[in-house]
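Structure data (compact mmCIF, C-alpha atoms) from my_file_23.txt:
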# COMPACT_ATOMS: atom_id res chain seq x y z
CA MET A 8 23.72 -15.43 -27.08
CA LYS A 9 20.19 -14.97 -25.74
CA ARG A 10 18.89 -12.04 -23.72
CA ILE A 11 16.69 -11.95 -20.63
CA GLU A 12 14.90 -8.62 -20.58
CA PRO A 13 14.94 -6.56 -17.38
CA ARG A 14 12.78 -7.94 -14.55
CA SER A 15 11.94 -11.18 -16.37
CA GLY A 16 13.03 -14.82 -16.38
CA VAL A 17 13.41 -17.94 -18.51
CA ALA A 18 13.79 -21.70 -18.10
CA PHE A 19 15.63 -24.13 -20.38
CA GLU A 20 17.35 -27.50 -20.44
CA LEU A 21 21.11 -27.83 -19.91
CA ARG A 22 22.59 -31.22 -20.73
CA ALA A 23 25.40 -32.87 -18.78
CA GLY A 24 28.78 -31.74 -20.13
CA ASN A 25 27.44 -28.52 -21.61
CA THR A 26 28.36 -25.15 -20.15
CA LEU A 27 26.16 -22.19 -19.35
CA ARG A 28 27.70 -18.73 -19.69
CA VAL A 29 25.83 -15.93 -17.90
CA SER A 30 26.92 -12.40 -18.83
CA ASP A 31 26.14 -8.93 -17.53
CA PRO A 32 25.99 -6.82 -20.72
CA GLN A 33 25.65 -3.41 -19.06
CA GLY A 34 27.07 -3.90 -15.55
CA GLN A 35 25.66 -4.03 -12.02
CA GLN A 36 22.87 -6.52 -12.76
CA VAL A 37 22.10 -9.65 -10.73
CA SER A 38 20.80 -12.93 -12.18
CA ASP A 39 19.02 -15.47 -9.94
CA MET A 40 19.74 -19.06 -11.04
CA LEU A 41 17.99 -22.30 -10.07
CA ALA A 42 18.82 -25.84 -11.19
CA TYR A 43 16.66 -28.97 -11.07
CA LYS A 44 17.45 -32.51 -12.24
CA LEU A 45 15.77 -32.83 -15.62
CA ASP A 46 14.09 -36.20 -15.07
CA ASP A 47 13.23 -35.61 -11.40
CA VAL A 48 12.60 -32.00 -10.34
CA GLY A 49 12.47 -33.14 -6.71
CA GLU A 50 16.26 -32.91 -6.88
CA VAL A 51 17.16 -29.22 -6.72
CA ILE A 52 20.10 -26.92 -6.06
CA SER A 53 20.83 -26.51 -2.34
CA ASN A 54 22.73 -23.68 -0.70
CA GLY A 55 23.05 -25.64 2.55
CA ARG A 56 24.58 -28.73 0.92
CA THR A 57 26.83 -26.50 -1.19
CA PHE A 58 28.16 -24.53 1.80
CA ASP A 59 28.66 -27.78 3.71
CA TYR A 60 30.59 -29.68 1.05
CA GLU A 61 32.50 -26.72 -0.41
CA GLU A 62 33.27 -25.40 3.11
CA THR A 63 32.86 -21.77 2.01
CA ILE A 64 30.20 -19.18 1.28
CA LYS A 65 32.50 -17.48 -1.26
CA LEU A 66 31.79 -19.57 -4.36
CA THR A 67 33.86 -19.02 -7.50
CA THR A 68 36.08 -20.86 -10.03
CA GLY A 69 36.48 -24.52 -9.13
CA ASN A 70 33.61 -24.64 -6.64
CA ARG A 71 30.69 -26.97 -7.22
CA LEU A 72 26.98 -26.37 -6.65
CA TRP A 73 25.31 -29.35 -4.95
CA SER A 74 21.77 -30.68 -4.85
CA ASN A 75 19.51 -31.42 -1.88
CA ARG A 76 20.41 -35.10 -2.48
CA SER A 77 24.17 -34.47 -2.17
CA ASN A 78 24.96 -34.72 -5.88
CA VAL A 79 27.04 -32.21 -7.83
CA MET A 80 24.84 -30.29 -10.27
CA LEU A 81 27.19 -27.61 -11.65
CA THR A 82 30.88 -26.70 -11.53
CA ILE A 83 31.94 -23.07 -11.76
CA GLY A 84 34.51 -22.42 -14.49
CA GLU A 85 35.57 -18.94 -15.61
CA ASP A 86 34.40 -16.23 -13.25
CA THR A 87 35.42 -12.64 -13.96
CA VAL A 88 33.61 -11.22 -10.91
CA GLY A 89 34.06 -13.71 -8.07
CA VAL A 90 31.19 -12.19 -6.04
CA HIS A 91 27.89 -14.08 -5.87
CA ASP A 92 25.26 -14.70 -3.17
CA PHE A 93 23.74 -18.00 -2.06
CA LEU A 94 22.16 -16.75 1.18
CA LEU A 95 19.12 -14.72 0.11
CA THR A 96 15.92 -16.07 -1.38
CA PRO A 97 14.54 -14.80 -4.74
CA CYS A 98 12.75 -11.47 -4.41
CA SER A 99 8.96 -11.76 -4.47
CA ARG A 100 5.79 -9.72 -4.01
CA ALA A 101 6.31 -10.14 -0.26
CA THR A 102 9.87 -8.84 -0.61
CA PHE A 103 8.58 -5.68 -2.29
CA ARG A 104 5.94 -5.16 0.40
CA HIS A 105 8.57 -5.63 3.13
CA PHE A 106 11.55 -3.67 1.76
CA TYR A 107 10.00 -1.30 -0.80
CA PRO A 108 6.55 -0.32 0.50
CA ASP A 109 6.73 2.99 -1.37
CA LYS A 110 7.49 1.31 -4.72
CA PRO A 111 5.14 -0.49 -7.12
CA GLU A 112 4.74 -4.15 -6.17
CA HIS A 113 6.39 -6.63 -8.55
CA ARG A 114 6.25 -10.43 -8.69
CA GLY A 115 10.05 -10.39 -8.62
CA CYS A 116 12.42 -13.22 -9.42
CA PHE A 117 10.29 -15.67 -7.44
CA GLY A 118 7.26 -15.01 -9.65
CA ASN A 119 9.33 -14.97 -12.81
CA LEU A 120 11.00 -18.27 -11.92
CA ALA A 121 7.69 -19.88 -10.95
CA ALA A 122 6.12 -18.92 -14.29
CA ALA A 123 9.14 -20.02 -16.35
CA LEU A 124 9.58 -23.35 -14.53
CA ALA A 125 5.89 -24.32 -14.34
CA PRO A 126 5.99 -26.26 -17.67
CA TYR A 127 8.64 -28.53 -16.11
CA GLY A 128 6.40 -29.40 -13.16
CA VAL A 129 8.01 -27.00 -10.68
CA GLU A 130 5.49 -25.49 -8.27
CA GLU A 131 6.03 -22.38 -6.13
CA ASP A 132 6.77 -24.36 -2.96
CA MET A 133 9.57 -26.16 -4.84
CA ILE A 134 11.57 -22.94 -5.34
CA PRO A 135 14.58 -22.80 -2.97
CA THR A 136 17.22 -20.15 -2.38
CA ALA A 137 18.73 -19.25 -5.75
CA PHE A 138 22.40 -18.92 -6.64
CA ASN A 139 22.38 -15.15 -7.12
CA ILE A 140 24.98 -14.46 -9.79
CA PHE A 141 26.90 -11.17 -9.33
CA MET A 142 24.88 -10.30 -6.18
CA ASN A 143 26.92 -8.53 -3.51
CA VAL A 144 25.89 -9.47 0.05
CA PRO A 145 28.65 -8.63 2.54
CA VAL A 146 28.43 -10.38 5.92
CA ASP A 147 29.77 -8.56 8.98
CA THR A 148 32.11 -11.06 10.63
CA THR A 149 31.44 -9.67 14.11
CA SER A 150 27.67 -9.11 14.20
CA GLY A 151 26.65 -11.50 11.43
CA ASN A 152 24.54 -8.73 9.89
CA LEU A 153 23.90 -8.82 6.16
CA ARG A 154 23.94 -5.91 3.73
CA VAL A 155 22.95 -5.76 0.06
CA ASP A 156 25.35 -3.59 -1.95
CA PRO A 157 25.41 -2.87 -5.71
CA PRO A 158 26.92 -5.68 -7.78
CA PRO A 159 30.62 -5.25 -8.61
CA SER A 160 30.06 -6.66 -12.12
CA LYS A 161 31.02 -4.45 -15.05
CA ALA A 162 29.72 -4.55 -18.62
CA GLY A 163 30.83 -7.80 -20.22
CA ASP A 164 31.61 -9.68 -17.00
CA SER A 165 30.54 -13.32 -16.97
CA ILE A 166 30.55 -16.67 -15.22
CA THR A 167 30.48 -20.17 -16.71
CA LEU A 168 28.90 -23.23 -15.10
CA ARG A 169 29.35 -26.77 -16.44
CA ALA A 170 26.41 -29.13 -15.98
CA GLU A 171 27.32 -32.38 -14.21
CA MET A 172 23.89 -33.91 -14.88
CA ASP A 173 20.96 -33.16 -17.19
CA LEU A 174 19.29 -30.08 -15.73
CA VAL A 175 16.44 -27.62 -16.00
CA ILE A 176 17.79 -24.12 -15.38
CA GLY A 177 15.74 -21.14 -14.24
CA LEU A 178 17.44 -17.78 -14.84
CA THR A 179 16.36 -14.17 -14.28
CA ALA A 180 17.36 -10.58 -14.68
CA CYS A 181 16.71 -9.64 -11.05
CA SER A 182 13.90 -7.26 -10.13
CA ALA A 183 14.94 -5.93 -6.69
CA TYR A 184 16.12 -2.34 -6.34
CA ALA A 185 18.92 -2.83 -3.79
CA SER A 186 20.34 -5.91 -5.54
CA ASN A 187 20.96 -3.99 -8.77
CA GLY A 188 22.07 -0.58 -7.53
CA GLY A 189 18.60 0.90 -8.07
CA SER A 190 18.14 0.16 -11.77
CA PHE A 191 17.14 -2.82 -13.90
CA LYS A 192 19.07 -4.14 -16.89
CA PRO A 193 19.14 -7.30 -19.03
CA ILE A 194 21.15 -10.48 -18.57
CA ASP A 195 22.65 -12.46 -21.45
CA TYR A 196 23.21 -16.22 -21.49
CA GLN A 197 24.59 -18.83 -23.83
CA VAL A 198 24.76 -22.63 -23.79
CA LEU A 199 28.12 -23.96 -24.99
CA ALA A 200 28.13 -27.55 -26.21
CA ASP A 201 30.66 -30.02 -24.82
CA GLY A 202 33.70 -30.37 -27.06

Any chance you could give the structure as structure tokens?
Amino acid sequence: MKRIEPRSGVAFELRAGNTLRVSDPQGQQVSDMLAYKLDDVGEVISNGRTFDYEETIKLTTGNRLWSNRSNVMLTIGEDTVGVHDFLLTPCSRATFRHFYPDKPEHRGCFGNLAAALAPYGVEEDMIPTAFNIFMNVPVDTTSGNLRVDPPPSKAGDSITLRAEMDLVIGLTACSAYASNGGSFKPIDYQVLADG
């Protein structure tokens, strides 16, 4: 098990058939996740394709996460929370200026992902909407308004995602106040080999 310290991020390779387990060791902490095809980072995780093909915005066990080229990248396995967001973009310096003008500015998940993924040839403009693990974004069915509530994840909760192709994964311990109930904690992750 490896640990992502609060308000930071990492990138690593995940081979087809292997499974990524993302865990919340202390509870109420979001993790932004990106996925790119290892040998062609122009192919990237897509919320629009995923919503289209899975026909739901409530993604959990059995759902697949699709790429911008309509290929399956990851399949969700065990999911002890069942609440994740795929609507909101990674928090950034601009996010902090917009939503938290009275707080210190932080590069956020966007900056952390950009730095971690740069060695793989990913530039800032190649960062899409992340799959925000454990993030709680209720949508009002009448008005369509969004709200960001504290994550429902408790200490030890986790999700597993099986790679359906060779991938580069970007993963954070989210930096935004509202997303994490006002505090910042670590995220743990582990790569489980196939078989």

Next item on the list: Could you give me, as an MDAnalysis selection string, the residues within 6 Å of Ser99 in chain A, counting only C-alpha atoms and dropping anything in the same chain fewer than 4 positions from it?
Entry: chainID A and resid 114:115 117

Spatial neighbours of Arg28 in chain A, max dist 7 Å, all atoms listed in the file, sep filter under 5 positions, as a PDB file with C-alpha atoms, in the frame of the given file:
ATOM      1  CA  SER A 165      30.540 -13.320 -16.970  1.00  0.00           C
ATOM      2  CA  ILE A 166      30.550 -16.670 -15.220  1.00  0.00           C
ATOM      3  CA  THR A 167      30.480 -20.170 -16.710  1.00  0.00           C
ATOM      4  CA  LEU A 168      28.900 -23.230 -15.100  1.00  0.00           C
ATOM      5  CA  TYR A 196      23.210 -16.220 -21.490  1.00  0.00           C
ATOM      6  CA  GLN A 197      24.590 -18.830 -23.830  1.00  0.00           C
ATOM      7  CA  VAL A 198      24.760 -22.630 -23.790  1.00  0.00           C
TER       8      VAL A 198
END

Item checked: For range 44-59 of chain A: contacts at 10 Å, all atoms listed in the file, fewer than 3 positions along chain excluded, given as a ChimeraX atom specification -> /A:19-22,40-41,62-66,70-81,92-95,127-130,133-138,172-176

Item checked: Residue among A:Gly69, A:Gln33, A:Tyr60, A:Thr26 lying closest to Arg10 in chain A, counting only C-alpha atoms ->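 Answer, going by the shortest atom-to-atom distance: A:Gln33.
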
Item checked: Residue nearest Thr96 in chain A - candidates A:Gln35, A:Ser186, A:Thr68, A:Thr82, atoms counted: all atoms listed in the file ->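 Between A:Gln35, A:Ser186, A:Thr68, A:Thr82, the residue approaching Thr96 in chain A most closely is A:Ser186.
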
Report as a CSV table (one decimal) with C-alpha atoms, keeping the file's coordinate frame all protein, DNA and RNA residues lying within 12 Å of Cys116 in chain A, evaluated on all atoms listed in the file, omitting residues in the same chain fewer than 2 positions from it.
chain,number,residue,atom,x,y,z
A,13,PRO,CA,14.9,-6.6,-17.4
A,14,ARG,CA,12.8,-7.9,-14.6
A,15,SER,CA,11.9,-11.2,-16.4
A,16,GLY,CA,13.0,-14.8,-16.4
A,17,VAL,CA,13.4,-17.9,-18.5
A,37,VAL,CA,22.1,-9.6,-10.7
A,38,SER,CA,20.8,-12.9,-12.2
A,39,ASP,CA,19.0,-15.5,-9.9
A,40,MET,CA,19.7,-19.1,-11.0
A,41,LEU,CA,18.0,-22.3,-10.1
A,95,LEU,CA,19.1,-14.7,0.1
A,96,THR,CA,15.9,-16.1,-1.4
A,97,PRO,CA,14.5,-14.8,-4.7
A,98,CYS,CA,12.8,-11.5,-4.4
A,99,SER,CA,9.0,-11.8,-4.5
A,100,ARG,CA,5.8,-9.7,-4.0
A,101,ALA,CA,6.3,-10.1,-0.3
A,102,THR,CA,9.9,-8.8,-0.6
A,103,PHE,CA,8.6,-5.7,-2.3
A,113,HIS,CA,6.4,-6.6,-8.6
A,114,ARG,CA,6.2,-10.4,-8.7
A,118,GLY,CA,7.3,-15.0,-9.6
A,119,ASN,CA,9.3,-15.0,-12.8
A,120,LEU,CA,11.0,-18.3,-11.9
A,121,ALA,CA,7.7,-19.9,-11.0
A,122,ALA,CA,6.1,-18.9,-14.3
A,123,ALA,CA,9.1,-20.0,-16.4
A,124,LEU,CA,9.6,-23.4,-14.5
A,131,GLU,CA,6.0,-22.4,-6.1
A,134,ILE,CA,11.6,-22.9,-5.3
A,135,PRO,CA,14.6,-22.8,-3.0
A,136,THR,CA,17.2,-20.2,-2.4
A,137,ALA,CA,18.7,-19.2,-5.8
A,138,PHE,CA,22.4,-18.9,-6.6
A,139,ASN,CA,22.4,-15.2,-7.1
A,177,GLY,CA,15.7,-21.1,-14.2
A,178,LEU,CA,17.4,-17.8,-14.8
A,179,THR,CA,16.4,-14.2,-14.3
A,180,ALA,CA,17.4,-10.6,-14.7
A,181,CYS,CA,16.7,-9.6,-11.0
A,182,SER,CA,13.9,-7.3,-10.1
A,183,ALA,CA,14.9,-5.9,-6.7
A,184,TYR,CA,16.1,-2.3,-6.3
A,186,SER,CA,20.3,-5.9,-5.5

Checklist line | Atom-to-atom span, CA of Pro157 in chain A and CA of Gly84 in chain A, Å | finding: 23.3 Å

Next item on the list: May I ask for the distance between CA of Val88 in chain A and CA of Arg169 in chain A, given in Å to one decimal place?
Entry: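 CA of Arg169 in chain A lies 17.0 Å from CA of Val88 in chain A.
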
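Using all atoms listed in the file, the smallest distance between any of A:Asp31, A:Asp147, A:Asp156, A:Asp109 and Ile11 in chain A comes from A:Asp31.
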
For range 11-27 of chain A, which lacks atoms in the input, supply N, CA and C atoms and format the output as a PDB file, in the coordinates of the input.
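Dumped everything to rebuild.pdb:
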ATOM      1  N   ILE A  11      17.810 -12.009 -21.566  1.00  0.00           N
ATOM      2  CA  ILE A  11      16.690 -11.950 -20.630  1.00  0.00           C
ATOM      3  C   ILE A  11      16.412 -10.476 -20.388  1.00  0.00           C
ATOM      4  N   GLU A  12      15.233 -10.034 -20.733  1.00  0.00           N
ATOM      5  CA  GLU A  12      14.900  -8.620 -20.580  1.00  0.00           C
ATOM      6  C   GLU A  12      14.809  -8.245 -19.105  1.00  0.00           C
ATOM      7  N   PRO A  13      14.985  -6.969 -18.774  1.00  0.00           N
ATOM      8  CA  PRO A  13      14.940  -6.560 -17.380  1.00  0.00           C
ATOM      9  C   PRO A  13      13.677  -7.049 -16.663  1.00  0.00           C
ATOM     10  N   ARG A  14      13.861  -7.512 -15.436  1.00  0.00           N
ATOM     11  CA  ARG A  14      12.780  -7.940 -14.550  1.00  0.00           C
ATOM     12  C   ARG A  14      11.955  -9.086 -15.141  1.00  0.00           C
ATOM     13  N   SER A  15      12.619 -10.015 -15.816  1.00  0.00           N
ATOM     14  CA  SER A  15      11.940 -11.180 -16.370  1.00  0.00           C
ATOM     15  C   SER A  15      12.795 -12.422 -16.134  1.00  0.00           C
ATOM     16  N   GLY A  16      12.297 -13.581 -16.581  1.00  0.00           N
ATOM     17  CA  GLY A  16      13.030 -14.820 -16.380  1.00  0.00           C
ATOM     18  C   GLY A  16      12.703 -15.852 -17.439  1.00  0.00           C
ATOM     19  N   VAL A  17      13.569 -16.862 -17.523  1.00  0.00           N
ATOM     20  CA  VAL A  17      13.410 -17.940 -18.510  1.00  0.00           C
ATOM     21  C   VAL A  17      13.746 -19.270 -17.840  1.00  0.00           C
ATOM     22  N   ALA A  18      13.373 -20.362 -18.503  1.00  0.00           N
ATOM     23  CA  ALA A  18      13.790 -21.700 -18.100  1.00  0.00           C
ATOM     24  C   ALA A  18      14.161 -22.477 -19.355  1.00  0.00           C
ATOM     25  N   PHE A  19      15.151 -23.360 -19.225  1.00  0.00           N
ATOM     26  CA  PHE A  19      15.630 -24.130 -20.380  1.00  0.00           C
ATOM     27  C   PHE A  19      16.395 -25.345 -19.883  1.00  0.00           C
ATOM     28  N   GLU A  20      16.611 -26.292 -20.785  1.00  0.00           N
ATOM     29  CA  GLU A  20      17.350 -27.500 -20.440  1.00  0.00           C
ATOM     30  C   GLU A  20      18.841 -27.298 -20.691  1.00  0.00           C
ATOM     31  N   LEU A  21      19.654 -27.868 -19.794  1.00  0.00           N
ATOM     32  CA  LEU A  21      21.110 -27.830 -19.910  1.00  0.00           C
ATOM     33  C   LEU A  21      21.611 -29.246 -19.704  1.00  0.00           C
ATOM     34  N   ARG A  22      22.183 -29.816 -20.759  1.00  0.00           N
ATOM     35  CA  ARG A  22      22.590 -31.220 -20.730  1.00  0.00           C
ATOM     36  C   ARG A  22      23.949 -31.401 -20.069  1.00  0.00           C
ATOM     37  N   ALA A  23      24.136 -32.558 -19.449  1.00  0.00           N
ATOM     38  CA  ALA A  23      25.400 -32.870 -18.780  1.00  0.00           C
ATOM     39  C   ALA A  23      26.560 -32.683 -19.756  1.00  0.00           C
ATOM     40  N   GLY A  24      27.600 -32.015 -19.304  1.00  0.00           N
ATOM     41  CA  GLY A  24      28.780 -31.740 -20.130  1.00  0.00           C
ATOM     42  C   GLY A  24      28.737 -30.409 -20.832  1.00  0.00           C
ATOM     43  N   ASN A  25      27.539 -29.846 -20.993  1.00  0.00           N
ATOM     44  CA  ASN A  25      27.440 -28.520 -21.610  1.00  0.00           C
ATOM     45  C   ASN A  25      27.666 -27.440 -20.555  1.00  0.00           C
ATOM     46  N   THR A  26      28.015 -26.256 -21.040  1.00  0.00           N
ATOM     47  CA  THR A  26      28.360 -25.150 -20.150  1.00  0.00           C
ATOM     48  C   THR A  26      27.426 -23.978 -20.391  1.00  0.00           C
ATOM     49  N   LEU A  27      26.976 -23.393 -19.298  1.00  0.00           N
ATOM     50  CA  LEU A  27      26.160 -22.190 -19.350  1.00  0.00           C
ATOM     51  C   LEU A  27      27.040 -20.983 -19.061  1.00  0.00           C
TER      52      LEU A  27
END
